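**Student:** Structure file work-v3.cif (mmCIF, C-alpha atoms and all ligand atoms) right here:
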```cif
data_run
loop_
_atom_site.label_atom_id
_atom_site.label_comp_id
_atom_site.auth_asym_id
_atom_site.auth_seq_id
_atom_site.Cartn_x
_atom_site.Cartn_y
_atom_site.Cartn_z
CA MET A 1 -3.72 11.32 2.85
CA ILE A 2 -3.44 8.35 0.47
CA THR A 3 -7.14 8.77 -0.35
CA ASN A 4 -6.47 12.35 -1.37
CA ASP A 5 -3.13 11.70 -3.05
CA LEU A 6 -3.99 8.62 -5.08
CA ILE A 7 -7.13 6.64 -4.39
CA LEU A 8 -9.98 9.07 -4.91
CA PRO A 9 -8.56 10.65 -8.11
CA SER A 10 -7.86 7.17 -9.50
CA ILE A 11 -11.40 6.00 -8.78
CA TYR A 12 -12.88 9.24 -10.15
CA HIS A 13 -11.11 8.47 -13.43
CA LEU A 14 -12.46 4.90 -13.40
CA GLN A 15 -15.90 6.33 -12.69
CA ARG A 16 -15.88 8.66 -15.67
CA THR A 17 -14.61 5.94 -17.98
CA GLY A 18 -17.50 3.72 -16.87
CA ALA A 19 -15.47 1.29 -14.73
CA ALA A 20 -16.85 2.45 -11.35
CA GLY A 21 -20.25 3.58 -10.14
CA ALA A 22 -21.31 5.72 -7.17
CA ILE A 23 -18.57 6.60 -4.69
CA HIS A 24 -19.11 6.87 -0.92
CA VAL A 25 -16.27 7.99 1.33
CA CYS A 26 -16.38 7.35 5.07
CA ALA A 27 -13.94 8.94 7.53
CA LEU A 28 -13.73 9.19 11.29
CA ASN A 29 -15.04 12.75 11.20
CA THR A 30 -15.83 15.50 8.71
CA PRO A 31 -12.54 17.47 8.37
CA PRO A 32 -10.76 15.04 5.98
CA LEU A 33 -13.97 14.71 3.94
CA ALA A 34 -14.32 18.49 3.65
CA GLU A 35 -10.66 18.67 2.60
CA LEU A 36 -11.23 16.04 -0.09
CA LYS A 37 -14.25 17.91 -1.44
CA ASP A 38 -12.37 21.22 -1.43
CA ASN A 39 -9.18 19.93 -3.04
CA ALA A 40 -8.70 22.36 -5.92
CA GLU A 41 -6.50 20.00 -7.96
CA ILE A 42 -9.04 17.19 -7.76
CA ARG A 43 -11.92 19.52 -8.63
CA GLU A 44 -10.06 20.83 -11.64
CA ALA A 45 -9.12 17.34 -12.83
CA PHE A 46 -12.56 15.80 -12.38
CA PRO A 47 -15.13 18.53 -13.06
CA GLY A 48 -18.66 17.67 -11.99
CA GLN A 49 -17.63 14.52 -10.10
CA ASP A 50 -18.41 14.10 -6.44
CA PHE A 51 -18.76 11.52 -3.65
CA LYS A 52 -21.24 11.01 -0.85
CA ALA A 53 -19.60 11.86 2.48
CA HIS A 54 -20.12 9.82 5.67
CA PRO A 55 -20.57 11.44 8.17
CA ASP A 56 -22.55 14.19 6.51
CA LEU A 57 -20.54 17.41 6.31
CA LYS A 58 -23.19 19.17 8.41
CA GLU A 59 -21.91 17.28 11.46
CA ALA A 60 -19.63 19.13 13.88
CA PRO A 61 -15.94 18.73 12.93
CA ASP A 62 -14.97 17.51 16.41
CA ARG A 63 -17.54 14.71 16.51
CA ASP A 64 -16.11 11.24 15.80
CA PHE A 65 -18.01 8.37 14.15
CA PRO A 66 -15.73 5.34 14.71
CA ASP A 67 -18.39 2.75 13.77
CA LEU A 68 -20.14 4.54 10.92
CA TYR A 69 -18.18 2.54 8.31
CA LYS A 70 -20.18 -0.52 9.42
CA ASP A 71 -23.47 1.15 8.43
CA VAL A 72 -22.02 2.36 5.15
CA ILE A 73 -20.81 -1.14 4.27
CA ALA A 74 -24.10 -2.70 5.37
CA SER A 75 -26.02 -0.38 3.06
CA MET A 76 -24.14 -1.52 -0.07
CA PRO A 77 -25.54 -4.03 -2.58
CA GLU A 78 -23.50 -7.24 -2.43
CA ARG A 79 -20.18 -7.74 -4.25
CA GLN A 80 -19.22 -4.14 -4.83
CA ALA A 81 -15.75 -2.95 -3.76
CA VAL A 82 -14.78 -1.60 -0.35
CA VAL A 83 -11.52 0.35 -0.35
CA VAL A 84 -9.78 0.27 3.02
CA ALA A 85 -7.40 3.22 3.56
CA MET A 86 -7.47 3.72 7.31
CA PRO A 87 -4.63 3.50 9.82
CA ASP A 88 -2.89 0.10 9.76
CA PRO A 89 -4.27 -1.24 13.09
CA LEU A 90 -7.86 -0.86 11.80
CA HIS A 91 -7.43 -2.81 8.55
CA TYR A 92 -8.27 -6.21 10.02
CA SER A 93 -11.68 -5.30 11.46
CA VAL A 94 -12.74 -3.23 8.45
CA VAL A 95 -11.68 -5.84 5.87
CA MET A 96 -13.50 -8.58 7.84
CA GLU A 97 -16.58 -6.38 8.13
CA ALA A 98 -16.54 -5.87 4.34
CA LEU A 99 -16.08 -9.58 3.61
CA ARG A 100 -18.87 -10.59 5.98
CA ALA A 101 -21.09 -8.14 4.10
CA ASP A 102 -20.09 -9.91 0.83
CA GLN A 103 -17.93 -7.13 -0.55
CA HIS A 104 -14.74 -7.40 -2.57
CA VAL A 105 -11.87 -5.44 -1.04
CA LEU A 106 -8.99 -3.22 -2.08
CA CYS A 107 -6.80 -2.61 0.98
CA VAL A 108 -3.78 -0.35 1.18
CA LYS A 109 -0.62 -2.00 2.47
CA PRO A 110 0.06 -3.54 4.93
CA LEU A 111 -3.05 -5.71 4.69
CA VAL A 112 -2.89 -6.54 8.40
CA LEU A 113 -0.33 -6.76 11.17
CA THR A 114 -0.30 -10.52 11.80
CA HIS A 115 -0.07 -13.58 9.58
CA GLU A 116 -2.97 -15.17 11.44
CA HIS A 117 -5.23 -12.25 10.45
CA ALA A 118 -4.03 -12.43 6.82
CA GLU A 119 -4.85 -16.13 6.75
CA GLU A 120 -8.28 -15.52 8.27
CA ILE A 121 -8.97 -12.90 5.59
CA ARG A 122 -7.72 -15.23 2.83
CA LYS A 123 -10.03 -18.01 4.00
CA GLU A 124 -13.10 -15.82 4.53
CA ALA A 125 -12.64 -14.23 1.11
CA TYR A 126 -12.05 -17.55 -0.66
CA ASP A 127 -15.06 -19.21 0.98
CA ARG A 128 -17.28 -16.38 -0.21
CA GLY A 129 -15.59 -16.01 -3.61
CA LEU A 130 -14.50 -12.44 -2.88
CA PHE A 131 -11.32 -10.85 -4.18
CA VAL A 132 -8.99 -9.06 -1.79
CA GLY A 133 -6.25 -7.01 -3.47
CA VAL A 134 -3.50 -5.45 -1.40
CA GLU A 135 -2.30 -2.18 -2.88
CA TYR A 136 1.48 -2.83 -3.08
CA HIS A 137 1.73 -0.46 -6.03
CA LYS A 138 5.49 -0.78 -6.43
CA ARG A 139 4.81 -4.20 -7.95
CA LEU A 140 3.19 -2.40 -10.90
CA ASP A 141 6.14 -0.06 -11.48
CA ARG A 142 7.58 -1.05 -14.87
CA ARG A 143 11.01 -1.19 -13.24
CA SER A 144 9.78 -3.95 -10.92
CA LEU A 145 7.94 -5.83 -13.67
CA LEU A 146 11.05 -5.80 -15.85
CA ALA A 147 13.32 -6.83 -12.96
CA ARG A 148 10.97 -9.71 -12.09
CA ARG A 149 10.92 -10.96 -15.66
CA GLN A 150 14.67 -10.76 -16.20
CA TYR A 151 15.57 -12.07 -12.73
CA ARG A 152 13.38 -15.09 -13.33
CA GLN A 153 14.98 -15.57 -16.76
CA GLY A 154 18.32 -15.82 -14.91
CA HIS A 155 19.85 -12.63 -16.31
CA PHE A 156 21.19 -11.36 -12.96
CA GLY A 157 22.21 -14.48 -11.05
CA GLU A 158 21.03 -15.11 -7.48
CA PHE A 159 20.26 -12.23 -5.12
CA VAL A 160 22.82 -12.13 -2.31
CA MET A 161 23.10 -8.62 -0.78
CA GLY A 162 20.97 -5.53 -1.05
CA GLU A 163 20.11 -2.17 0.34
CA ALA A 164 16.85 -0.20 0.24
CA LYS A 165 15.75 3.15 1.59
CA MET A 166 12.46 4.91 1.94
CA ILE A 167 12.47 8.09 3.97
CA GLU A 168 9.15 9.93 4.05
CA PRO A 169 9.02 13.75 4.44
CA TYR A 170 9.54 15.45 7.77
CA PHE A 171 6.18 17.22 7.45
CA TYR A 172 4.40 13.86 7.96
CA ARG A 173 5.15 14.40 11.66
CA SER A 174 2.65 17.28 11.77
CA SER A 175 -0.12 15.33 10.00
CA ASN A 176 -2.69 12.94 11.43
CA PHE A 177 0.25 10.51 11.80
CA GLN A 178 0.90 11.97 15.23
CA ASN A 179 -2.35 10.43 16.42
CA TRP A 180 -1.64 6.83 15.38
CA PHE A 181 2.01 6.41 14.35
CA THR A 182 3.05 5.71 17.93
CA CYS A 183 5.62 3.19 19.18
CA GLU A 184 3.10 0.55 20.21
CA ASN A 185 1.28 0.64 16.83
CA THR A 186 3.85 0.88 14.09
CA ASP A 187 7.23 2.19 12.93
CA PRO A 188 8.83 3.40 9.69
CA PHE A 189 10.03 -0.11 8.73
CA VAL A 190 6.52 -1.52 8.98
CA TYR A 191 5.02 1.57 7.35
CA VAL A 192 7.20 1.82 4.23
CA GLY A 193 10.06 -0.67 4.50
CA CYS A 194 7.55 -3.38 3.69
CA HIS A 195 7.34 -2.00 0.12
CA TYR A 196 10.91 -2.99 -0.61
CA VAL A 197 10.77 -6.31 1.24
CA ASP A 198 7.69 -7.14 -0.83
CA LEU A 199 9.52 -6.00 -3.96
CA VAL A 200 12.56 -8.21 -3.39
CA TYR A 201 10.17 -11.14 -2.86
CA PHE A 202 8.18 -10.09 -5.94
CA ILE A 203 11.32 -9.95 -8.10
CA THR A 204 13.13 -13.04 -6.78
CA GLY A 205 10.46 -15.28 -5.22
CA LEU A 206 12.77 -15.68 -2.18
CA LYS A 207 11.05 -15.80 1.22
CA PRO A 208 12.32 -13.79 4.19
CA VAL A 209 13.32 -16.00 7.15
CA GLU A 210 14.76 -13.60 9.74
CA VAL A 211 14.19 -9.94 10.59
CA SER A 212 15.99 -7.61 12.94
CA VAL A 213 14.89 -3.97 13.30
CA VAL A 214 16.23 -1.16 15.46
CA GLY A 215 14.50 2.19 15.80
CA VAL A 216 15.16 5.74 16.93
CA LYS A 217 12.32 7.33 18.89
CA GLY A 218 11.18 10.93 18.88
CA ARG A 219 8.18 13.08 19.77
CA PHE A 220 5.43 14.26 17.44
CA PRO A 221 4.25 17.88 17.78
CA ASN A 222 1.33 16.69 19.97
CA GLY A 223 3.76 15.00 22.39
CA ASN A 224 3.08 11.40 21.33
CA GLU A 225 6.17 9.22 21.08
CA GLY A 226 6.90 7.34 17.89
CA TYR A 227 9.77 5.71 16.05
CA MET A 228 10.95 8.45 13.69
CA TRP A 229 13.62 6.17 12.15
CA ALA A 230 14.14 2.45 11.70
CA ASN A 231 16.74 0.18 10.18
CA GLY A 232 15.86 -3.41 9.36
CA ARG A 233 17.99 -6.36 8.30
CA VAL A 234 16.08 -9.06 6.48
CA ARG A 235 17.63 -12.44 5.77
CA PHE A 236 16.12 -14.52 2.95
CA GLU A 237 15.81 -18.30 2.62
CA ASN A 238 18.94 -18.55 0.42
CA GLY A 239 21.02 -16.61 2.97
CA ALA A 240 20.75 -13.26 1.12
CA VAL A 241 20.55 -10.10 3.23
CA LEU A 242 18.61 -6.89 2.60
CA SER A 243 19.21 -3.80 4.71
CA VAL A 244 16.26 -1.38 4.79
CA THR A 245 16.46 2.17 6.18
CA ASP A 246 13.25 4.10 6.75
CA GLY A 247 12.12 7.25 8.49
CA LEU A 248 9.76 10.17 8.74
CA GLY A 249 12.53 12.64 8.15
CA TYR A 250 13.35 13.53 4.54
CA PRO A 251 13.98 17.32 4.68
CA ASP A 252 10.91 19.31 3.64
CA GLU A 253 13.26 21.65 1.79
CA GLY A 254 14.76 18.74 -0.21
CA ALA A 255 14.02 18.17 -3.90
CA GLY A 256 12.70 14.68 -2.92
CA SER A 257 9.77 14.48 -2.50
CA ASN A 258 11.07 11.64 -0.34
CA GLU A 259 14.12 9.34 -0.55
CA GLN A 260 13.73 5.92 -2.06
CA CYS A 261 16.00 3.43 -3.78
CA LEU A 262 16.88 -0.24 -4.06
CA GLN A 263 20.12 -1.95 -4.98
CA MET A 264 20.44 -5.72 -5.28
CA PHE A 265 23.71 -7.55 -5.89
CA CYS A 266 23.41 -11.00 -7.39
CA GLU A 267 25.93 -13.86 -7.66
CA GLY A 268 26.39 -15.33 -11.12
CA ASP A 269 28.74 -17.99 -12.45
CA GLY A 270 32.17 -16.37 -12.58
CA ARG A 271 30.64 -12.86 -12.71
CA ASN A 272 27.97 -10.89 -10.91
CA GLY A 273 24.72 -9.16 -11.79
CA MET A 274 23.03 -6.15 -10.21
CA ILE A 275 19.70 -4.36 -10.12
CA LYS A 276 19.88 -0.72 -9.07
CA THR A 277 16.92 1.59 -9.08
CA ASN A 278 16.86 5.22 -7.99
CA ASP A 279 13.19 5.70 -7.27
CA GLN A 280 13.63 9.26 -6.03
CA PHE A 281 15.31 10.98 -8.97
CA ARG A 282 13.71 9.56 -12.05
CA GLY A 283 15.45 11.96 -14.41
CA LEU A 284 12.96 14.83 -14.32
CA THR A 285 13.61 18.14 -12.54
CA HIS A 286 11.20 21.05 -12.25
CA SER A 287 11.91 24.41 -10.70
CA TYR A 288 8.65 26.28 -10.13
CA LEU A 289 8.16 30.03 -9.83
CA ASP A 290 6.13 29.37 -6.68
CA GLY A 291 6.59 26.73 -3.99
CA LEU A 292 4.36 24.12 -5.67
CA GLY A 293 6.42 21.15 -4.55
CA PRO A 294 5.98 18.99 -1.43
CA GLY A 295 6.79 21.00 1.69
CA GLY A 296 6.36 24.21 -0.36
CA THR A 297 9.58 23.72 -2.35
CA ALA A 298 10.35 25.32 -5.74
CA PHE A 299 13.07 22.94 -7.00
CA ASN A 300 11.85 19.37 -7.32
CA PHE A 301 12.69 15.90 -8.57
CA VAL A 302 9.39 15.03 -10.19
CA SER A 303 8.22 11.45 -10.64
CA PRO A 304 5.81 10.99 -13.52
CA ASP A 305 6.09 7.25 -12.84
CA PHE A 306 4.06 6.92 -9.60
CA TYR A 307 1.12 9.28 -9.95
CA LYS A 308 0.51 12.51 -11.78
CA LEU A 309 -2.50 14.21 -13.35
CA VAL A 310 -1.94 14.94 -17.05
CA PRO A 311 -4.05 16.21 -19.98
CA TRP A 312 -6.11 13.63 -21.85
CA HIS A 313 -8.72 13.67 -24.60
CA GLY A 314 -11.58 14.26 -22.13
CA GLU A 315 -12.41 17.10 -19.76
CA GLY A 316 -10.05 17.86 -16.87
CA TYR A 317 -6.95 15.71 -16.33
CA MET A 318 -6.30 12.00 -16.02
CA PRO A 319 -4.13 10.10 -13.51
CA VAL A 320 -1.09 8.24 -14.86
CA GLY A 321 1.54 6.09 -13.20
CA TYR A 322 1.88 2.82 -11.37
CA GLY A 323 -0.16 4.11 -8.42
CA TYR A 324 -3.14 4.57 -10.71
CA ASP A 325 -2.31 1.33 -12.60
CA SER A 326 -2.38 -0.59 -9.35
CA ILE A 327 -5.80 0.73 -8.27
CA ALA A 328 -7.16 0.17 -11.78
CA ALA A 329 -5.73 -3.37 -11.90
CA ILE A 330 -7.22 -4.42 -8.54
CA LEU A 331 -10.63 -2.94 -9.28
CA GLY A 332 -10.32 -4.37 -12.81
CA ALA A 333 -9.75 -7.85 -11.36
CA ILE A 334 -12.92 -7.45 -9.30
CA ARG A 335 -14.88 -6.29 -12.35
CA ARG A 336 -13.60 -9.22 -14.43
CA ILE A 337 -14.61 -11.70 -11.74
CA GLU A 338 -18.10 -10.19 -11.60
CA ALA A 339 -18.48 -9.90 -15.39
CA GLU A 340 -17.40 -13.48 -15.98
CA THR A 341 -19.75 -14.96 -13.39
CA ALA A 342 -22.81 -12.78 -14.02
CA GLY A 343 -25.78 -14.92 -14.98
CA LEU A 344 -24.32 -18.19 -13.62
CA GLY A 345 -26.14 -20.16 -10.92
CA LYS A 346 -25.10 -19.46 -7.33
CA ALA A 347 -22.87 -22.53 -6.84
CA GLU A 348 -21.35 -22.33 -10.32
CA ALA A 349 -20.62 -18.60 -9.92
CA LEU A 350 -18.96 -19.18 -6.54
CA ALA A 351 -16.78 -21.98 -7.95
CA ARG A 352 -15.70 -19.83 -10.91
CA ARG A 353 -14.98 -16.81 -8.69
CA GLN A 354 -12.82 -19.05 -6.49
CA GLU A 355 -10.96 -20.37 -9.54
CA MET A 356 -10.23 -16.83 -10.71
CA ILE A 357 -9.00 -15.82 -7.24
CA VAL A 358 -6.62 -18.78 -7.07
CA GLU A 359 -5.35 -17.99 -10.58
CA THR A 360 -4.56 -14.39 -9.55
CA ASP A 361 -2.84 -15.69 -6.39
CA ARG A 362 -0.74 -18.02 -8.52
CA GLN A 363 0.15 -15.40 -11.12
CA GLY A 364 1.55 -13.25 -8.30
CA LEU A 365 1.35 -9.84 -10.00
CA LEU A 366 -1.39 -8.32 -7.85
CA ALA A 367 -0.75 -8.76 -4.14
CA THR A 368 -3.36 -10.93 -2.43
CA PRO A 369 -3.58 -12.38 1.09
CA ALA A 370 -2.36 -15.72 -0.33
CA ASN A 371 0.62 -14.47 -2.33
CA SER A 372 1.77 -11.60 -0.12
CA SER A 373 1.39 -12.97 3.39
CA ILE A 374 5.18 -13.09 3.74
CA ASN A 375 4.66 -9.38 4.41
CA GLU A 376 2.52 -10.04 7.48
CA LEU A 377 5.19 -12.42 8.77
CA VAL A 378 7.83 -9.75 8.22
CA VAL A 379 5.65 -7.09 9.89
CA GLU A 380 5.06 -9.38 12.86
CA ALA A 381 8.76 -10.17 13.12
CA ALA A 382 9.70 -6.50 12.74
CA ARG A 383 7.34 -5.38 15.51
CA MET A 384 8.69 -8.04 17.87
CA SER A 385 12.25 -7.13 17.01
CA ILE A 386 11.99 -3.32 17.25
CA LEU A 387 10.25 -3.53 20.63
CA GLU A 388 13.18 -5.72 21.79
CA ASP A 389 15.72 -3.27 20.41
CA GLY A 390 16.79 -5.32 17.41
CA ARG A 391 16.67 -8.87 18.75
CA PRO A 392 16.29 -11.08 15.62
CA ALA A 393 12.90 -12.67 14.99
CA VAL A 394 12.82 -15.89 13.00
CA ILE A 395 10.09 -16.82 10.50
CA SER A 396 9.30 -20.49 10.00
CA TYR A 397 7.19 -21.70 7.08
CA GLY A 398 5.31 -24.95 6.50
CA ASP A 399 1.64 -25.64 7.24
CA ASN A 400 1.52 -23.11 10.06
CA PRO A 401 3.97 -20.28 9.41
CA ALA A 402 5.08 -18.64 12.64
CA VAL A 403 7.37 -15.97 14.03
CA ALA A 404 9.47 -16.19 17.20
CA LEU A 405 12.24 -14.16 18.77
CA ARG A 406 15.60 -15.90 18.56
N1 LIG B 501 2.53 3.88 -0.38
C1 LIG B 501 1.45 3.34 0.12
O1 LIG B 501 1.03 2.27 -0.27
C2 LIG B 501 0.76 4.09 1.20
C3 LIG B 501 1.01 5.43 1.34
C4 LIG B 501 0.38 6.11 2.37
C5 LIG B 501 -0.46 5.43 3.21
N2 LIG B 501 -0.69 4.11 3.06
C6 LIG B 501 -1.56 3.40 4.02
O2 LIG B 501 -2.83 4.01 4.00
C7 LIG B 501 -3.41 3.96 5.31
C8 LIG B 501 -3.85 5.34 5.71
O3 LIG B 501 -2.72 6.17 5.69
P1 LIG B 501 -2.87 7.73 5.47
O4 LIG B 501 -1.51 8.25 5.29
O5 LIG B 501 -3.88 8.00 4.42
O6 LIG B 501 -3.41 8.11 6.92
P2 LIG B 501 -4.33 9.32 7.39
O7 LIG B 501 -4.18 9.34 8.86
O8 LIG B 501 -4.06 10.54 6.59
O9 LIG B 501 -5.81 8.85 7.00
C9 LIG B 501 -6.49 7.87 7.68
C10 LIG B 501 -7.98 8.10 7.48
O10 LIG B 501 -8.66 7.08 8.19
C11 LIG B 501 -9.85 7.65 8.71
N3 LIG B 501 -10.32 6.86 9.84
C12 LIG B 501 -9.69 6.61 11.03
N4 LIG B 501 -10.50 5.91 11.84
C13 LIG B 501 -11.65 5.69 11.14
C14 LIG B 501 -12.87 5.04 11.45
N5 LIG B 501 -13.07 4.43 12.62
N6 LIG B 501 -13.84 5.05 10.52
C15 LIG B 501 -13.66 5.67 9.32
N7 LIG B 501 -12.52 6.30 8.97
C16 LIG B 501 -11.53 6.30 9.87
C17 LIG B 501 -9.44 9.05 9.14
O11 LIG B 501 -10.59 9.88 9.18
C18 LIG B 501 -8.47 9.45 8.04
O12 LIG B 501 -9.15 10.13 7.02
C19 LIG B 501 -2.37 3.34 6.21
O13 LIG B 501 -2.67 1.96 6.36
C20 LIG B 501 -1.08 3.51 5.44
O14 LIG B 501 -0.13 2.51 5.76
C21 LIG B 501 -0.12 3.43 2.05
#
```
When written as structure tokens, how does the structure in this file appear?

**Tutor:**
Amino acid sequence: MITNDLILPSIYHLQRTGAAGAIHVCALNTPPLAELKDNAEIREAFPGQDFKAHPDLKEAPDRDFPDLYKDVIASMPERQAVVVAMPDPLHYSVVMEALRADQHVLCVKPLVLTHEHAEEIRKEAYDRGLFVGVEYHKRLDRRSLLARRQYRQGHFGEFVMGEAKMIEPYFYRSSNFQNWFTCENTDPFVYVGCHYVDLVYFITGLKPVEVSVVGVKGRFPNGNEGYMWANGRVRFENGAVLSVTDGLGYPDEGAGSNEQCLQMFCEGDGRNGMIKTNDQFRGLTHSYLDGLGPGGTAFNFVSPDFYKLVPWHGEGYMPVGYGYDSIAAILGAIRRIEAETAGLGKAEALARRQEMIVETDRQGLLATPANSSINELVVEAARMSILEDGRPAVISYGDNPAVALR
């Protein structure tokens, strides 16, 4: 879904502007690949552009190729980019496979499900001088960048109490989600709540220290049981509390396309500050003659801020928004690292690549395993907590960060 909705169109645009070369897309089986190739909007926006499908589309649609990605990665020249956009539980093995094959990585969030795995990835990537960017695109939303700058300039005071929501559409329940979004694998807090936990950390620099999540279970159309709803309470190192409500349940008939917002109250000296962002209704409403909107709706809140295809000076349409900016920035970081070290001796190039990786970690704009691993700790804590019906899980930092139920 994310490959169709954001990643492939973004990379097609980078390809036609000369920033990306050949594109190979590997899936478990052929149906999603056929859908990607047939997507009328993508074809119209990127005329003449194509990707090589793995497995080949001639294969039977019901035949699975769970290990084919290994061959595809192994066939790549070294230090290209592998984009990982598979179900969360597979990220760890695919990212490690890519790193061991000397490939840079762009991975959708969450990078992995445990801090130990994030640390292993950070170390493997650093040792080989490979960049791993985690696609937390909300960081690149201008609202977040502005909030980060002004929070850090002291214009709001200190974050003390906040509320966030991200409710994905009901129709997600009928998608491929029903095959993997089951209770033992994940939940709505881990799936999308992590965006806002990462954002509060991105804006304030405060680390989360305790997480408690409760969920409401339900059945997918295929009978699998999953958490359809979750509510998490995250306590930060300064005592601040963020409540996060998530679900697969925004009405398909709603103007949505989903529900998302963040409000942060901050304590100042004798007066208070606040950051409030409505990320669902961004001020633009369309009512279409036909049901063009998500879930087949006519009346829609449209966000030109995340990702949309718009006219440009070239053929077709171009992607705009922070979703595209985020993909372009991560792949741009990889290109810069390669351009700056091309022609250097092996040891010198490795040292310079490592310096550039550490600098990006320190800058903290693009999410990397080093600067976003609070998210793995939160995910770990959230999974422990939700499976224990909301028992708080405590995160301790220091040389060996760890999570334990209280
Ligand atoms: N806002 C965001 O940042 C955002 C939004 C949506 C999804 N995501 C993330 O993207 C990832 C994928 O989510 P989605 O909604 O696109 O899921 P999806 O189920 O629609 O797609 C997953 C894809 O992985 C492929 N796949 C599964 N096993 C494979 C294997 N062994 N080898 C090769 N391909 C394999 C499937 O063929 C499928 O095309 C998840 O980690 C999710 O958390 C992030």

**Student:** May I have the residues within 7 Å of ligand LIG 501 (chain B), computed using only C-alpha atoms and all ligand atoms, as a PyMOL selection string?

**Tutor:** chain A and resi 1-3+26-29+32+65-69+85-88+108-110+135-137+176-177+191-192

**Student:** Mind giving me the straight-line distance from CA of Glu163 (chain A) to CA of Phe189 (chain A) in Å, one decimal?

**Tutor:**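 Computing it gives 13.3 Å between the two atoms.
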
**Student:** Here is a test: counting all atoms listed in the file, which residue of A:Ile7, A:Ile167, A:Ala367, A:Val358 is nearest to Glu259 (chain A)?

**Tutor:**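 Checking each candidate against Glu259 (chain A), we get A:Ile167 as the closest.
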
**Student:** Give me, as a list in words, all polymer residues having an atom no more than 10 Å from Glu158 (chain A), counting all atoms listed in the file and skipping those fewer than 2 positions away in the same chain.

**Tutor:** Tyr151, Arg152, Gly154, His155, Phe156, Val160, Met161, Thr204, Leu206, Asn238, Ala240, Met264, Phe265, Cys266, Glu267, Gly268, Asp269, Asn272, Gly273 and Met274 of chain A

**Student:** Distance CA of Arg149 (chain A)-CA of Ile327 (chain A), one decimal place?

**Tutor:** 21.7 Å

**Student:** Between A:Gly316, A:Met96, A:Val209, A:Ser10, which one has atoms that come closest to Glu237 (chain A), using only C-alpha atoms?

**Tutor:**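 Among the listed residues, the smallest separation from Glu237 (chain A) belongs to A:Val209.
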
**Student:** Near Ile23 (chain A), counting all atoms listed in the file, which residues have an atom at most 9 Å away, once you skip same-chain residues fewer than 3 positions from it, shown as a PDB file with C-alpha atoms, in the coordinates of the input?

**Tutor:**
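File written: around_24.pdb
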```pdb
ATOM      1  CA  LEU A   8      -9.980   9.070  -4.910  1.00  0.00           C
ATOM      2  CA  ILE A  11     -11.400   6.000  -8.780  1.00  0.00           C
ATOM      3  CA  TYR A  12     -12.880   9.240 -10.150  1.00  0.00           C
ATOM      4  CA  GLN A  15     -15.900   6.330 -12.690  1.00  0.00           C
ATOM      5  CA  ALA A  20     -16.850   2.450 -11.350  1.00  0.00           C
ATOM      6  CA  ASP A  50     -18.410  14.100  -6.440  1.00  0.00           C
ATOM      7  CA  PHE A  51     -18.760  11.520  -3.650  1.00  0.00           C
ATOM      8  CA  LYS A  52     -21.240  11.010  -0.850  1.00  0.00           C
ATOM      9  CA  ALA A  53     -19.600  11.860   2.480  1.00  0.00           C
TER      10      ALA A  53
END
```

**Student:** Please, can region 230-237 of chain A be completed to N, CA, C and O atoms and returned as a CSV table (one decimal), in the frame of the given file?

**Tutor:**
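Result file follows (out.csv):
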```csv
chain,number,residue,atom,x,y,z
A,230,ALA,N,14.0,3.9,11.5
A,230,ALA,CA,14.1,2.4,11.7
A,230,ALA,C,15.1,1.9,10.7
A,230,ALA,O,15.1,2.3,9.5
A,231,ASN,N,15.9,0.9,11.1
A,231,ASN,CA,16.7,0.2,10.2
A,231,ASN,C,16.5,-1.3,10.4
A,231,ASN,O,16.6,-1.8,11.5
A,232,GLY,N,16.2,-2.0,9.3
A,232,GLY,CA,15.9,-3.4,9.4
A,232,GLY,C,16.8,-4.2,8.5
A,232,GLY,O,17.3,-3.8,7.5
A,233,ARG,N,17.2,-5.4,9.1
A,233,ARG,CA,18.0,-6.4,8.3
A,233,ARG,C,17.2,-7.6,8.1
A,233,ARG,O,16.7,-8.2,9.0
A,234,VAL,N,16.9,-7.9,6.8
A,234,VAL,CA,16.1,-9.1,6.5
A,234,VAL,C,16.9,-10.1,5.8
A,234,VAL,O,17.6,-9.8,4.8
A,235,ARG,N,16.9,-11.3,6.4
A,235,ARG,CA,17.6,-12.4,5.8
A,235,ARG,C,16.6,-13.3,5.0
A,235,ARG,O,15.5,-13.6,5.5
A,236,PHE,N,17.0,-13.7,3.8
A,236,PHE,CA,16.1,-14.5,3.0
A,236,PHE,C,16.5,-16.0,3.0
A,236,PHE,O,17.6,-16.4,3.5
A,237,GLU,N,15.6,-16.8,2.5
A,237,GLU,CA,15.8,-18.3,2.6
A,237,GLU,C,17.1,-18.8,2.0
A,237,GLU,O,17.6,-19.9,2.4
```
